[in-house]
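Following: one structure in C-alpha cells, then a few remarks.
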Amino acid sequence: MKVFIYLCVVFCLAASCQPKQNMIYMSNHHFEDEVSQARYTGLRIKSADVLEIKVSAFDDIAVKPFNLSTVTSTNSVSGSDDGNGSSGSSQLMVSSEGYITMPVLGRVYCLGMTRQELEQDLEERLKPYLTDPRVDVKLTNFNISVLGDVVSPGQKTSPNERLNLFQALALAGDMTPLGDRTQVKLVRYSEQSQKDTVVNLDLSDAGIVNSPYYYLQQNDILYVQPDKNAQIMANANNPNRTLFFQIAAALLALGTIIIAITK
C-alpha cells in the first residue's frame, strides 16, 4: 500500500512539474546567418505622429519663413526656433487624413512615407524657394506598449526609431520566467484596412529577424502570454487541473480497494 501511494505521489509531481521549455531566444544553430540577413525598412508615418521638421539652406534669411516658431495651422503642436537664422524647427502632428501643414508649402501628404521619403519630398518642394535646401524629419513620440509576463509592463517611449522586438522587451525589463517565448503576440494597426492585425511571433527562432514585424512601428503592442504551466497554475477552475486531481484520487481509491481485497 505504501509503495502504491508513493508511486501515485511521484506521478502527480512529475505531471505537474514539467520542465520549462524554450527559455532561450533565437536558439537554433544558425542564428548568426539569420541575424546578418535582418533588414530595416524604416518607420512608416501614421496619423497622430508628431514630427519635428527642421529646414536649413544656403540663404539664412530666405529659410526663416519655413521655420516659424509658431505654426498656426490646426494640426500644429508646438514650435521652436534655435536662434540660428539658417535653421529652426516646427513640430507638426499628422492629421487623421495623413497631412501635415508646412509654412509656405501648405498641406503635404505624408501618410505611409518613411522619414527619409518625407525629407526628400519636402526638399523637392522647397527647391523653387531655396538654394540647396536640407530637411531633417524626426519622430518625437515613438511609443509602444509591452504587456503581459514582463518585468515592467506598460507604455514605453523610445528615443531610437529603429527599435526591434528584443530592444522593446529590454525596455520592459525582459520577460519573466513564466513568459512563453514561442507565443508573443504583436498587435499593429493597419492604415490600409483601418483595423488591428494580430500576429503570433516565436522569439525562440532566430528566423524571427527576417520577419516584417521584427522592427516595431509606432503604437505597436507586444503581449507576452504565460506558458501553459503558468496558465494552469493561475486558473484554479481549469478543467484539466480538476480532471488530473480526480484521476489521482481515483487511483488512490482503487489502490486502497485492491489492498483491502487481497488481505
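The way I read the labels, and the way they are meant: chains A, B, ... in the order of the C-alpha cells, residue 1 as the first residue of every chain, and ligand 1 as the first ligand shown, with later ones counted on from there.
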Closest atom pairs, residues of range 119-166 of chain A within 9 Å of range 91-112 of chain A, only C-alpha atoms, as a Markdown table:
```
| residue | atom | partner | partner_atom | distance |
| --- | --- | --- | --- | --- |
| A:Leu122 | CA | A:Val108 | CA | 8.4 |
| A:Arg125 | CA | A:Leu105 | CA | 7.5 |
| A:Leu126 | CA | A:Leu105 | CA | 7.9 |
| A:Thr140 | CA | A:Gln91 | CA | 8.4 |
```
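Between CA of Leu51 in chain A and CA of Lys195 in chain A the separation is 23.2 Å.
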Discussion item. With distances taken over only C-alpha atoms, which residue among A:Gln116, A:Ser56, A:Asn200, A:Gln225 lies nearest Pro177 in chain A?
Written reply: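 Nearest candidate to Pro177 in chain A out of A:Gln116, A:Ser56, A:Asn200, A:Gln225: A:Gln225.
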Worksheet item: Which of range 139-185 of chain A counts as strand (DSSP E or B) under DSSP, as a list of chain:residue names please?
Response: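 The residues of range 139-185 of chain A classed as strand (DSSP E or B) are A:Leu139, A:Asn143, A:Ile144, A:Ser145, A:Val146, A:Leu147, A:Gly148, A:Val150, A:Gly154, A:Gln155, A:Lys156, A:Thr157, A:Asn164, A:Met175, A:Gly179, A:Asp180, A:Arg181, A:Thr182, A:Gln183, A:Val184, A:Lys185.
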Please, could you write that set of residues out with all heavy atoms as a compact mmCIF listing (two decimals), in the first residue's frame?
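Done, and the output landed in out04.txt:
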```txt
# COMPACT_ATOMS: atom_id res chain seq x y z
N LEU A 139 10.73 61.82 -35.64
CA LEU A 139 9.51 61.44 -34.92
C LEU A 139 9.75 61.62 -33.43
O LEU A 139 10.67 61.03 -32.86
CB LEU A 139 9.16 59.98 -35.22
CG LEU A 139 7.93 59.41 -34.50
CD1 LEU A 139 6.66 60.11 -34.96
CD2 LEU A 139 7.81 57.91 -34.76
N ASN A 143 6.06 55.66 -29.50
CA ASN A 143 5.58 54.92 -28.34
C ASN A 143 5.15 53.52 -28.73
O ASN A 143 4.56 53.30 -29.79
CB ASN A 143 4.38 55.64 -27.70
CG ASN A 143 4.73 57.02 -27.19
OD1 ASN A 143 5.78 57.23 -26.59
ND2 ASN A 143 3.86 57.99 -27.44
N ILE A 144 5.45 52.57 -27.86
CA ILE A 144 4.94 51.21 -27.98
C ILE A 144 4.42 50.78 -26.61
O ILE A 144 4.69 51.44 -25.60
CB ILE A 144 6.04 50.22 -28.44
CG1 ILE A 144 7.19 50.22 -27.41
CG2 ILE A 144 6.54 50.56 -29.83
CD1 ILE A 144 8.15 49.07 -27.57
N SER A 145 3.68 49.69 -26.58
CA SER A 145 3.20 49.12 -25.32
C SER A 145 3.66 47.68 -25.21
O SER A 145 3.56 46.92 -26.19
CB SER A 145 1.67 49.19 -25.23
OG SER A 145 1.22 50.54 -25.23
N VAL A 146 4.19 47.30 -24.04
CA VAL A 146 4.62 45.93 -23.79
C VAL A 146 3.83 45.43 -22.58
O VAL A 146 3.94 45.99 -21.48
CB VAL A 146 6.13 45.83 -23.51
CG1 VAL A 146 6.56 44.38 -23.40
CG2 VAL A 146 6.92 46.53 -24.61
N LEU A 147 3.03 44.39 -22.79
CA LEU A 147 2.11 43.91 -21.76
C LEU A 147 2.32 42.42 -21.50
O LEU A 147 3.04 41.75 -22.23
CB LEU A 147 0.66 44.16 -22.20
CG LEU A 147 0.30 45.58 -22.61
CD1 LEU A 147 -1.12 45.64 -23.16
CD2 LEU A 147 0.46 46.53 -21.43
N GLY A 148 1.69 41.93 -20.44
CA GLY A 148 1.75 40.50 -20.14
C GLY A 148 2.87 40.15 -19.18
O GLY A 148 3.19 40.92 -18.26
N VAL A 150 5.99 40.38 -18.46
CA VAL A 150 7.27 41.07 -18.49
C VAL A 150 7.48 41.73 -17.13
O VAL A 150 6.53 41.90 -16.36
CB VAL A 150 7.32 42.14 -19.61
CG1 VAL A 150 7.31 41.47 -20.98
CG2 VAL A 150 6.17 43.12 -19.49
N GLY A 154 3.74 48.13 -19.61
CA GLY A 154 3.21 49.48 -19.78
C GLY A 154 3.64 50.10 -21.10
O GLY A 154 4.27 49.45 -21.93
N GLN A 155 3.29 51.37 -21.27
CA GLN A 155 3.69 52.09 -22.48
C GLN A 155 5.14 52.56 -22.36
O GLN A 155 5.55 53.07 -21.33
CB GLN A 155 2.77 53.28 -22.73
CG GLN A 155 3.01 53.97 -24.07
CD GLN A 155 2.07 55.13 -24.31
OE1 GLN A 155 2.21 56.20 -23.73
NE2 GLN A 155 1.10 54.92 -25.18
N LYS A 156 5.90 52.39 -23.43
CA LYS A 156 7.31 52.75 -23.44
C LYS A 156 7.58 53.74 -24.57
O LYS A 156 7.03 53.60 -25.67
CB LYS A 156 8.19 51.50 -23.63
CG LYS A 156 7.88 50.35 -22.68
CD LYS A 156 8.13 50.72 -21.23
CE LYS A 156 7.74 49.57 -20.30
NZ LYS A 156 7.94 49.93 -18.87
N THR A 157 8.40 54.72 -24.27
CA THR A 157 8.83 55.70 -25.27
C THR A 157 10.29 55.46 -25.59
O THR A 157 11.13 55.39 -24.69
CB THR A 157 8.64 57.13 -24.76
OG1 THR A 157 7.25 57.34 -24.48
CG2 THR A 157 9.08 58.14 -25.81
N ASN A 164 13.82 47.13 -32.39
CA ASN A 164 13.39 45.77 -32.72
C ASN A 164 12.70 45.12 -31.52
O ASN A 164 12.59 45.70 -30.44
CB ASN A 164 14.56 44.92 -33.23
CG ASN A 164 15.65 44.73 -32.19
OD1 ASN A 164 15.38 44.48 -31.02
ND2 ASN A 164 16.91 44.83 -32.62
N MET A 175 11.22 39.40 -20.35
CA MET A 175 10.14 38.52 -19.90
C MET A 175 10.43 37.96 -18.51
O MET A 175 11.58 37.84 -18.11
CB MET A 175 9.97 37.34 -20.86
CG MET A 175 9.50 37.70 -22.25
SD MET A 175 9.19 36.18 -23.18
CE MET A 175 9.05 36.84 -24.83
N GLY A 179 7.00 33.70 -18.91
CA GLY A 179 6.59 34.14 -20.24
C GLY A 179 6.88 33.09 -21.30
O GLY A 179 7.91 32.41 -21.26
N ASP A 180 5.97 32.97 -22.26
CA ASP A 180 6.12 32.00 -23.34
C ASP A 180 6.80 32.67 -24.52
O ASP A 180 6.21 33.49 -25.21
CB ASP A 180 4.75 31.46 -23.75
CG ASP A 180 4.85 30.29 -24.72
OD1 ASP A 180 5.95 30.07 -25.26
OD2 ASP A 180 3.83 29.61 -24.94
N ARG A 181 8.04 32.33 -24.75
CA ARG A 181 8.81 32.95 -25.84
C ARG A 181 8.38 32.50 -27.22
O ARG A 181 8.77 33.09 -28.23
CB ARG A 181 10.31 32.68 -25.64
CG ARG A 181 10.91 33.53 -24.53
CD ARG A 181 12.12 32.91 -23.89
NE ARG A 181 12.70 33.78 -22.87
CZ ARG A 181 12.19 33.98 -21.66
NH1 ARG A 181 11.07 33.35 -21.31
NH2 ARG A 181 12.77 34.78 -20.79
N THR A 182 7.60 31.44 -27.27
CA THR A 182 7.14 30.93 -28.57
C THR A 182 5.79 31.50 -28.98
O THR A 182 5.34 31.26 -30.10
CB THR A 182 7.04 29.39 -28.53
OG1 THR A 182 5.98 29.01 -27.64
CG2 THR A 182 8.34 28.78 -28.08
N GLN A 183 5.14 32.24 -28.10
CA GLN A 183 3.81 32.76 -28.39
C GLN A 183 3.70 34.22 -27.94
O GLN A 183 2.97 34.54 -27.00
CB GLN A 183 2.74 31.91 -27.69
CG GLN A 183 2.56 30.53 -28.25
CD GLN A 183 1.91 30.55 -29.63
OE1 GLN A 183 1.10 31.41 -29.93
NE2 GLN A 183 2.29 29.61 -30.47
N VAL A 184 4.44 35.10 -28.60
CA VAL A 184 4.37 36.53 -28.32
C VAL A 184 3.48 37.17 -29.37
O VAL A 184 3.71 37.01 -30.57
CB VAL A 184 5.77 37.17 -28.34
CG1 VAL A 184 5.67 38.68 -28.12
CG2 VAL A 184 6.65 36.54 -27.27
N LYS A 185 2.47 37.88 -28.93
CA LYS A 185 1.52 38.48 -29.86
C LYS A 185 1.90 39.94 -30.13
O LYS A 185 2.18 40.70 -29.21
CB LYS A 185 0.10 38.40 -29.30
CG LYS A 185 -0.40 36.97 -29.14
CD LYS A 185 -1.86 36.94 -28.70
CE LYS A 185 -2.33 35.52 -28.46
NZ LYS A 185 -2.21 34.67 -29.66
```
Item to complete: Select from range 42-178 of chain A everything DSSP, run on the backbone, classes as helix (DSSP H, G or I), then give the selection as a list in words.
Response: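 Answer for range 42-178 of chain A, restricted to helix (DSSP H, G or I): Asp60, Ile61, Ala62, Val63, Lys64, Pro65, Phe66, Asn67, Arg115, Gln116, Glu117, Leu118, Glu119, Gln120, Asp121, Leu122, Glu123, Glu124, Arg125, Leu126, Leu165, Phe166, Gln167, Ala168, Leu169, Ala170 and Leu171 of chain A.
Taking only C-alpha atoms into account, Ala57 in chain A lies nearest to A:Pro133 out of the set A:Pro133, A:Pro212, A:Pro128, A:Pro153.
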Discussion item. Using only C-alpha atoms, which protein or nucleic acid residues come within 6 Å of Val135 in chain A? Drop anything in the same chain fewer than 3 positions from it, and give the result as a ChimeraX atom specification.
Written reply: /A:54-55,119
Worksheet item: At what distance in Å, to one decimal, does CA of Glu123 in chain A lie from CA of Ile61 in chain A?
Response: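 Between these atoms lies a distance of 17.3 Å.
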Worksheet item: Which value, in Å to one decimal, gives the distance between CA of Leu216 in chain A and CA of Ile53 in chain A?
Response: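 We find that CA of Leu216 in chain A and CA of Ile53 in chain A lie 22.0 Å from each other.
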